[in-house]
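Peer 1: Provided below: query_19.pdb, containing PDB, C-alpha atoms, pLDDT in the B column.
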```pdb
ATOM      1  CA  MET A 131     -25.547  22.395 -38.100  1.00 53.00           C
ATOM      2  CA  PHE A 132     -25.351  23.626 -34.508  1.00 48.00           C
ATOM      3  CA  ILE A 133     -26.571  20.260 -33.200  1.00 51.00           C
ATOM      4  CA  ASN A 134     -24.070  18.329 -35.355  1.00 49.00           C
ATOM      5  CA  THR A 135     -21.207  20.514 -34.069  1.00 49.00           C
ATOM      6  CA  MET A 136     -22.305  19.990 -30.468  1.00 48.00           C
ATOM      7  CA  LEU A 137     -22.555  16.237 -31.017  1.00 47.00           C
ATOM      8  CA  GLN A 138     -19.079  16.136 -32.540  1.00 51.00           C
ATOM      9  CA  LYS A 139     -17.643  18.147 -29.643  1.00 49.00           C
ATOM     10  CA  SER A 140     -19.369  15.937 -27.086  1.00 48.00           C
ATOM     11  CA  GLU A 141     -18.077  12.799 -28.833  1.00 50.00           C
ATOM     12  CA  ILE A 142     -14.524  14.178 -28.782  1.00 50.00           C
ATOM     13  CA  PHE A 143     -14.908  15.052 -25.089  1.00 46.00           C
ATOM     14  CA  PHE A 144     -16.300  11.588 -24.369  1.00 47.00           C
ATOM     15  CA  ILE A 145     -13.395   9.913 -26.163  1.00 47.00           C
ATOM     16  CA  LYS A 146     -10.866  12.061 -24.296  1.00 51.00           C
ATOM     17  CA  PHE A 147     -12.668  11.498 -21.006  1.00 48.00           C
ATOM     18  CA  THR A 148     -12.901   7.710 -21.347  1.00 50.00           C
ATOM     19  CA  GLY A 149      -9.310   7.579 -22.552  1.00 51.00           C
ATOM     20  CA  THR A 150      -8.230   9.458 -19.430  1.00 48.00           C
ATOM     21  CA  ILE A 151     -10.144   7.045 -17.224  1.00 47.00           C
ATOM     22  CA  LYS A 152      -8.554   4.040 -18.915  1.00 47.00           C
ATOM     23  CA  ILE A 153      -5.083   5.546 -18.548  1.00 45.00           C
ATOM     24  CA  SER A 154      -5.740   6.463 -14.915  1.00 46.00           C
ATOM     25  CA  ILE A 155      -7.008   2.996 -14.029  1.00 41.00           C
ATOM     26  CA  SER A 156      -4.057   1.370 -15.791  1.00 43.00           C
ATOM     27  CA  LEU A 157      -1.628   3.661 -13.980  1.00 39.00           C
ATOM     28  CA  ILE A 158      -3.218   2.933 -10.594  1.00 45.00           C
ATOM     29  CA  MET A 159      -3.045  -0.810 -11.242  1.00 43.00           C
ATOM     30  CA  LEU A 160       0.604  -0.550 -12.298  1.00 38.00           C
ATOM     31  CA  ILE A 161       1.507   1.418  -9.166  1.00 42.00           C
ATOM     32  CA  CYS A 162      -0.325  -1.058  -6.933  1.00 43.00           C
ATOM     33  CA  LEU A 163       1.362  -4.049  -8.524  1.00 42.00           C
ATOM     34  CA  SER A 164       4.835  -2.533  -8.500  1.00 41.00           C
ATOM     35  CA  THR A 165       4.741  -1.405  -4.866  1.00 41.00           C
ATOM     36  CA  SER A 166       3.430  -4.616  -3.388  1.00 44.00           C
ATOM     37  CA  SER A 167       4.510  -7.327  -5.802  1.00 41.00           C
ATOM     38  CA  PHE A 168       5.551  -9.793  -3.112  1.00 44.00           C
ATOM     39  CA  TYR A 169       2.076  -9.605  -1.540  1.00 45.00           C
ATOM     40  CA  VAL A 170       0.311 -10.583  -4.742  1.00 45.00           C
ATOM     41  CA  LEU A 171       1.527 -14.186  -4.550  1.00 48.00           C
ATOM     42  CA  ALA A 172      -0.116 -14.989  -1.224  1.00 55.00           C
ATOM     43  CA  SER A 173      -3.875 -15.387  -1.176  1.00 68.00           C
ATOM     44  CA  ASN A 174      -4.200 -15.735   2.600  1.00 91.00           C
ATOM     45  CA  ALA A 175      -2.346 -15.583   5.920  1.00 94.00           C
ATOM     46  CA  GLU A 176      -1.537 -19.303   6.040  1.00 94.00           C
ATOM     47  CA  GLU A 177       0.028 -19.208   2.597  1.00 94.00           C
ATOM     48  CA  ALA A 178       2.078 -16.113   3.465  1.00 95.00           C
ATOM     49  CA  PHE A 179       3.239 -17.786   6.683  1.00 96.00           C
ATOM     50  CA  SER A 180       4.229 -20.919   4.779  1.00 95.00           C
ATOM     51  CA  ILE A 181       6.315 -18.943   2.282  1.00 96.00           C
ATOM     52  CA  GLY A 182       7.935 -17.035   5.154  1.00 97.00           C
ATOM     53  CA  TYR A 183       8.656 -20.223   7.087  1.00 97.00           C
ATOM     54  CA  ASP A 184      10.293 -21.839   4.050  1.00 97.00           C
ATOM     55  CA  ALA A 185      12.456 -18.740   3.563  1.00 97.00           C
ATOM     56  CA  PHE A 186      13.407 -18.802   7.253  1.00 97.00           C
ATOM     57  CA  GLU A 187      14.425 -22.464   7.037  1.00 97.00           C
ATOM     58  CA  LYS A 188      16.674 -21.592   4.061  1.00 97.00           C
ATOM     59  CA  GLY A 189      18.276 -18.717   5.989  1.00 97.00           C
ATOM     60  CA  ASP A 190      16.694 -15.956   3.883  1.00 97.00           C
ATOM     61  CA  TYR A 191      15.656 -13.871   6.866  1.00 97.00           C
ATOM     62  CA  ILE A 192      14.831 -10.699   4.960  1.00 97.00           C
ATOM     63  CA  LYS A 193      12.370 -12.519   2.700  1.00 97.00           C
ATOM     64  CA  SER A 194      11.031 -14.416   5.686  1.00 97.00           C
ATOM     65  CA  SER A 195      10.421 -11.231   7.684  1.00 97.00           C
ATOM     66  CA  LYS A 196       8.425  -9.702   4.817  1.00 97.00           C
ATOM     67  CA  TRP A 197       6.175 -12.743   4.503  1.00 97.00           C
ATOM     68  CA  PHE A 198       5.812 -13.159   8.266  1.00 97.00           C
ATOM     69  CA  HIS A 199       4.849  -9.501   8.469  1.00 96.00           C
ATOM     70  CA  THR A 200       2.194  -9.992   5.792  1.00 95.00           C
ATOM     71  CA  ALA A 201       0.740 -13.018   7.600  1.00 96.00           C
ATOM     72  CA  ALA A 202       1.034 -11.327  11.012  1.00 97.00           C
ATOM     73  CA  GLU A 203      -0.893  -8.291   9.794  1.00 95.00           C
ATOM     74  CA  LEU A 204      -3.601 -10.687   8.629  1.00 94.00           C
ATOM     75  CA  GLY A 205      -3.803 -12.103  12.167  1.00 95.00           C
ATOM     76  CA  HIS A 206      -1.747 -15.299  11.879  1.00 96.00           C
ATOM     77  CA  ALA A 207      -0.635 -16.147  15.454  1.00 97.00           C
ATOM     78  CA  ARG A 208       2.441 -18.224  14.522  1.00 97.00           C
ATOM     79  CA  ALA A 209       3.604 -15.520  12.114  1.00 97.00           C
ATOM     80  CA  GLN A 210       3.162 -12.922  14.857  1.00 98.00           C
ATOM     81  CA  TYR A 211       5.272 -15.057  17.189  1.00 98.00           C
ATOM     82  CA  GLY A 212       7.883 -15.656  14.458  1.00 97.00           C
ATOM     83  CA  LEU A 213       8.060 -11.966  13.700  1.00 97.00           C
ATOM     84  CA  GLY A 214       8.527 -11.304  17.405  1.00 98.00           C
ATOM     85  CA  LEU A 215      11.457 -13.719  17.433  1.00 97.00           C
ATOM     86  CA  MET A 216      12.978 -12.051  14.405  1.00 98.00           C
ATOM     87  CA  TYR A 217      12.752  -8.616  16.035  1.00 98.00           C
ATOM     88  CA  MET A 218      14.150  -9.993  19.286  1.00 97.00           C
ATOM     89  CA  ASN A 219      17.159 -11.556  17.529  1.00 97.00           C
ATOM     90  CA  GLY A 220      17.599  -8.999  14.734  1.00 97.00           C
ATOM     91  CA  GLU A 221      17.114 -11.591  11.981  1.00 97.00           C
ATOM     92  CA  GLY A 222      15.942 -10.023   8.722  1.00 97.00           C
ATOM     93  CA  VAL A 223      14.907  -6.871  10.590  1.00 98.00           C
ATOM     94  CA  ALA A 224      16.643  -4.396  12.866  1.00 98.00           C
ATOM     95  CA  LYS A 225      16.756  -5.663  16.444  1.00 98.00           C
ATOM     96  CA  ASN A 226      13.891  -4.001  18.291  1.00 98.00           C
ATOM     97  CA  ASP A 227      12.670  -5.308  21.645  1.00 97.00           C
ATOM     98  CA  GLN A 228       9.557  -3.108  21.630  1.00 98.00           C
ATOM     99  CA  GLU A 229       8.450  -4.469  18.250  1.00 98.00           C
ATOM    100  CA  ALA A 230       9.192  -7.993  19.451  1.00 97.00           C
ATOM    101  CA  VAL A 231       6.984  -7.558  22.514  1.00 97.00           C
ATOM    102  CA  LYS A 232       4.227  -6.021  20.385  1.00 98.00           C
ATOM    103  CA  TRP A 233       4.116  -9.090  18.130  1.00 98.00           C
ATOM    104  CA  TYR A 234       4.450 -11.541  21.040  1.00 98.00           C
ATOM    105  CA  ARG A 235       1.452  -9.874  22.699  1.00 98.00           C
ATOM    106  CA  LYS A 236      -0.664 -10.112  19.559  1.00 98.00           C
ATOM    107  CA  SER A 237       0.203 -13.779  19.243  1.00 97.00           C
ATOM    108  CA  ALA A 238      -0.394 -14.480  22.939  1.00 97.00           C
ATOM    109  CA  ALA A 239      -3.769 -12.739  22.773  1.00 97.00           C
ATOM    110  CA  GLN A 240      -4.815 -15.425  20.289  1.00 95.00           C
ATOM    111  CA  GLY A 241      -3.720 -18.154  22.692  1.00 96.00           C
ATOM    112  CA  TYR A 242      -0.390 -19.073  21.122  1.00 96.00           C
ATOM    113  CA  VAL A 243       1.398 -20.819  24.030  1.00 97.00           C
ATOM    114  CA  LYS A 244       4.992 -20.126  22.935  1.00 97.00           C
ATOM    115  CA  ALA A 245       4.285 -16.393  22.827  1.00 97.00           C
ATOM    116  CA  ARG A 246       2.697 -16.531  26.275  1.00 97.00           C
ATOM    117  CA  SER A 247       5.717 -18.311  27.705  1.00 96.00           C
ATOM    118  CA  VAL A 248       8.135 -15.752  26.237  1.00 95.00           C
ATOM    119  CA  LEU A 249       6.106 -12.919  27.773  1.00 96.00           C
ATOM    120  CA  ALA A 250       5.971 -14.698  31.142  1.00 95.00           C
ATOM    121  CA  GLN A 251       9.782 -14.740  31.416  1.00 91.00           C
TER     122      GLN A 251
END
```
I'd like the structure from this file rewritten - as structure tokens, please.
Peer 2:
Amino acid sequence: MFINTMLQKSEIFFIKFTGTIKISISLIMLICLSTSSFYVLASNAEEAFSIGYDAFEKGDYIKSSKWFHTAAELGHARAQYGLGLMYMNGEGVAKNDQEAVKWYRKSAAQGYVKARSVLAQ
């Protein structure tokens, strides 16, 4: 009797415990997806840059700046340069010369010639 009661209690605990884990994992996944939904679509820096470039060409500077930022953080030199331009001109982001120079430097450090020429001026 004692053993059966202990087994029943442990089964109830196990069910509650695994249910909590499933709920926690689902909640974490939901939070991750909802806070970074625009990042989910790009599988790499080149793809993020391409989406950002297309948005820039269409005049959607806010969308472009988000995608350029994603690609730039992943080390994409052209995206870093583009983000520098956007900060310099205040397109899609608040105008910020210090941020512009930061991104130009990152791009130039990878050998991107346009970034080097901007910094040389």
Peer 1: Of the residues A:Lys244, A:Tyr191, A:Asn174, A:Phe179, which is the one nearest to Ala224 (chain A), using only C-alpha atoms?
Peer 2: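 For Ala224 (chain A), the nearest of the given residues is A:Tyr191.
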Peer 1: Quick check, in Å to one decimal: how far apart do CA of Phe198 (chain A) and CA of Ser247 (chain A) lie?
Peer 2: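 Between CA of Phe198 (chain A) and CA of Ser247 (chain A) the gap is 20.1 Å.
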Peer 1: Kindly indicate which residue among A:Ala201, A:Tyr211, A:Ala230, A:Arg246 lies nearest to Ala175 (chain A), using all atoms listed in the file for the distances.
Peer 2: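 Using all atoms listed in the file, Ala175 (chain A) sits closest to A:Ala201.
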Peer 1: Pull out every residue that the PyMOL selection byres ((chain A and resi 176) around 10) matches in the shown coordinates and put them as a ChimeraX atom specification.
Peer 2: /A:172-175,177-182,198,201-202,204-209
Peer 1: Please, what is the axis-aligned box for every listed atom of region 221-238 of chain A with 8 Å on each side, as centre and edge lengths in Å to one decimal, as AutoDock Vina command-line options?
Peer 2:
```
--center_x 8.2 --center_y -8.8 --center_z 15.8 --size_x 33.8 --size_y 27.4 --size_z 30.2
```
Peer 1: Counting all atoms listed in the file, what is within 10 Å of Met216 (chain A), bar same-chain residues fewer than 6 positions away, as a ChimeraX atom specification?
Peer 2: /A:186,191-192,194-195,198,210,222-227,229-230
Peer 1: Which one of A:His199, A:Gly212, A:Tyr217, A:Asp190 sits closest to Ser237 (chain A) if you count all atoms listed in the file?
Peer 2: A:Gly212
Peer 1: Taking into account all atoms listed in the file, which residue in the set A:Val243, A:Glu203, A:Tyr234, A:Gln251 is nearest to Met218 (chain A)?
Peer 2: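 So, comparing all the options, the nearest one is A:Tyr234.
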Peer 1: Could you please determine the separation between CA of Gly214 (chain A) and CA of Lys232 (chain A) in Å, to one decimal place?
Peer 2: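 So the answer is 7.4 Å.
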Peer 1: Mind pulling up the distance from CA of Val231 (chain A) to CA of Asp184 (chain A)?
Peer 2: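 CA of Asp184 (chain A) sits 23.6 Å away from CA of Val231 (chain A).
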